2 protein chains.
Amino acid sequence: MKIVIIGSGNVACHLARAFQENKIPVSQIFGRNESDLKSISHQLQIPFSTDYLADADLYFICVSDAAIGEVSKLITNEKCLVAHTSGSLPKEILEGNYRKASFYPLQTFSKSKNITYSEIPFFVEAQNNQDLELLKNLALNISKKVMASTYEKRKYIHLTAVFACNFVNHLFARAKEISDSQEIPFDYFLPLIKETTEKIEILEPKLAQTGPAVRNDQRVLKLHEELITNEEQLKIYKIMNESIKKMYEL
Amino acid sequence: MKIVIIGSGNVACHLARAFQENKIPVSQIFGRNESDLKSISHQLQIPFSTDYLADADLYFICVSDAAIGEVSKLITNEKCLVAHTSGSLPKEILEGNYRKASFYPLQTFSKSKNITYSEIPFFVEAQNNQDLELLKNLALNISKKVMASTYEKRKYIHLTAVFACNFVNHLFARAKEISDSQEIPFDYFLPLIKETTEKIEILEPKLAQTGPAVRNDQRVLKLHEELITNEEQLKIYKIMNESIKKMYEL
């Protein structure tokens, strides 16, 4: 089976590497950004092209949501299976007379960071059982956690991930702003951050909550509001504490 | 040197265990909650009392911020050193004619979760150098990371910790609300959460940001707002995305 990956961003790069590490050959990486493609191609020894899309049995479109529709039109082969990797689009976004699918890895990818692919949950959807099985088996070569999922469910998986990952990272960025402003090394907070996430592996997050809001400690909440000088930090501080108090009915 | 710990909550329990694991004897655990004290006493083989406060050279007051002042009056010995463990109070909150100090472990403690104490940063403050060295050396028995810190700095350390830990945990709790509502196991998100925090050990949080807001993906942002039915979730969703956009000037 010939596999082609379209895209040169974080997802394309990591998916190509995940396949390669698991002895699944990728015939080509195709995209617009020649320097990114060259870099992936060099690392993984996979041919790349910016103008000639190779013929394949299975294409993975790993480009931004907004570009998936346009890019999907480049595939004129009607005997192939095409999957996109977006968490927030139905497989019907793909515009072509081929079989359509979705192949969604639930992970945050940055090029410069290695990832243990075997832990990544993959959510797979296809038009027929044969394609679904094919994609599930392919994903099972990479990871232990492979599930079929409809678009309806996938949307909520992505939304949950935004809270649990994207917003969490932004809190780290805002936290670092505060510690930087006082010349406190952000490294000091890494054990705390590690413990915060390890804790929820054995304790429900709702039961693991600590801090001034859940203790309803008005003095500390007021003190912190006085310390904060950045408008965005203050908005976050207030909304998060309000939300904590509502959750615990304080 | 005789050490007494006052309190029976998460900090008292973990501080007692940290001392014990490092062969620093604790003479007594003193507090109000007999059943909690009994449990700690039983686990760590340390005598406890709810009415007789033992004489000691060094007391650690590990009670809620609001109770520290009152509790500190129980110590009538004037030849001792007394330290509280709060991130948000000056050592002067302690009311007595003894030497005063602060001994702040930067960590989130839950009784049911074991912790690697050697990684916890300790921030120490005292009235004189001798006491400061004593407390630093004591902390160095537990952890590799011991720093002197004024109250002025400690306040900001605590505030940063609220963003990086307490709010992060609340995001996990809100994320779980969403996944629960769709009968999606929260376990699916644990590898993503682990990666989110591991990533910032090698990449600045600001550079590690992913998700629809930093891509300025209006379609997904709108889609998510339509999916959310809980008012608190929606407020968090909007504020966090606004803050992300401001940080990246989108």
# chains A, B, ... in the order shown; residues from 1 in each chain; ligands from 1
$ select_by_dssp --residues "stretch 118-170 of chain A" --states "strand (DSSP E)" --output "PDB file with N, CA and C atoms, in the first residue's frame"
ATOM      1  N   PHE A 122      -5.768   7.580  18.914  1.00  0.00           N
ATOM      2  CA  PHE A 122      -6.163   7.908  17.538  1.00  0.00           C
ATOM      3  C   PHE A 122      -7.668   7.687  17.393  1.00  0.00           C
ATOM      4  N   PHE A 123      -8.350   8.688  16.808  1.00  0.00           N
ATOM      5  CA  PHE A 123      -9.780   8.586  16.564  1.00  0.00           C
ATOM      6  C   PHE A 123     -10.006   8.523  15.056  1.00  0.00           C
ATOM      7  N   VAL A 124     -10.654   7.463  14.627  1.00  0.00           N
ATOM      8  CA  VAL A 124     -10.714   7.151  13.206  1.00  0.00           C
ATOM      9  C   VAL A 124     -12.169   7.072  12.739  1.00  0.00           C
ATOM     10  N   GLU A 125     -12.417   7.576  11.538  1.00  0.00           N
ATOM     11  CA  GLU A 125     -13.765   7.521  10.961  1.00  0.00           C
ATOM     12  C   GLU A 125     -13.623   7.275   9.467  1.00  0.00           C
ATOM     13  N   ALA A 126     -14.498   6.449   8.888  1.00  0.00           N
ATOM     14  CA  ALA A 126     -14.431   6.194   7.442  1.00  0.00           C
ATOM     15  C   ALA A 126     -15.830   5.957   6.902  1.00  0.00           C
ATOM     16  N   VAL A 146      -6.614   3.039  19.894  1.00  0.00           N
ATOM     17  CA  VAL A 146      -7.252   3.413  18.628  1.00  0.00           C
ATOM     18  C   VAL A 146      -8.755   3.200  18.768  1.00  0.00           C
ATOM     19  N   MET A 147      -9.519   4.237  18.468  1.00  0.00           N
ATOM     20  CA  MET A 147     -10.959   4.188  18.633  1.00  0.00           C
ATOM     21  C   MET A 147     -11.648   4.701  17.370  1.00  0.00           C
ATOM     22  N   ALA A 148     -12.789   4.112  17.039  1.00  0.00           N
ATOM     23  CA  ALA A 148     -13.627   4.716  16.008  1.00  0.00           C
ATOM     24  C   ALA A 148     -14.354   5.892  16.648  1.00  0.00           C
TER      25      ALA A 148
END
$ residues_around --residues "stretch 15-20 of chain B" --least-positions-apart "6" --cutoff "10 Å" --atoms "only C-alpha atoms" --output "PyMOL selection string"
chain B and resi 3-6+8+26+28-29+40-41+43-46+60+62+85+105+109+114-118+138-139+141-143
$ closest_atom_pairs --of "chain A" --to "chain B" --cutoff "6 Å" --atoms "only C-alpha atoms" --output "CSV"
residue,atom,partner,partner_atom,distance
A:Gln107,CA,B:Leu192,CA,5.0
A:Thr160,CA,B:Ala175,CA,5.0
A:Phe163,CA,B:Ala175,CA,5.5
A:Ala164,CA,B:Phe172,CA,5.4
A:Cys165,CA,B:Thr196,CA,5.9
A:Asn166,CA,B:Gly211,CA,5.6
A:Val168,CA,B:Val168,CA,5.5
A:Leu171,CA,B:Phe163,CA,5.9
A:Phe172,CA,B:Ala164,CA,5.4
A:Ala173,CA,B:Pro205,CA,4.9
A:Ala175,CA,B:Thr160,CA,5.0
A:Leu192,CA,B:Gln107,CA,5.0
A:Ile193,CA,B:Cys165,CA,6.0
A:Thr196,CA,B:Cys165,CA,5.9
A:Pro205,CA,B:Ala173,CA,4.9
A:Lys206,CA,B:Ala173,CA,5.3
A:Thr210,CA,B:Asn166,CA,5.9
A:Gly211,CA,B:Asn166,CA,5.6
A:Glu232,CA,B:Ser243,CA,5.8
A:Ser243,CA,B:Glu232,CA,5.7
$ residues_around --residues "A:Leu94" --least-positions-apart "6" --cutoff "12 Å" --atoms "only C-alpha atoms" --output "VMD selection string"
chain A and resid 59 to 61 65 to 76 81 to 86 100 to 102
$ closest_residue --among "B:Thr229, B:Gly7, B:Phe103, B:Cys80" --to "B:Phe30" --atoms "only C-alpha atoms"
B:Gly7
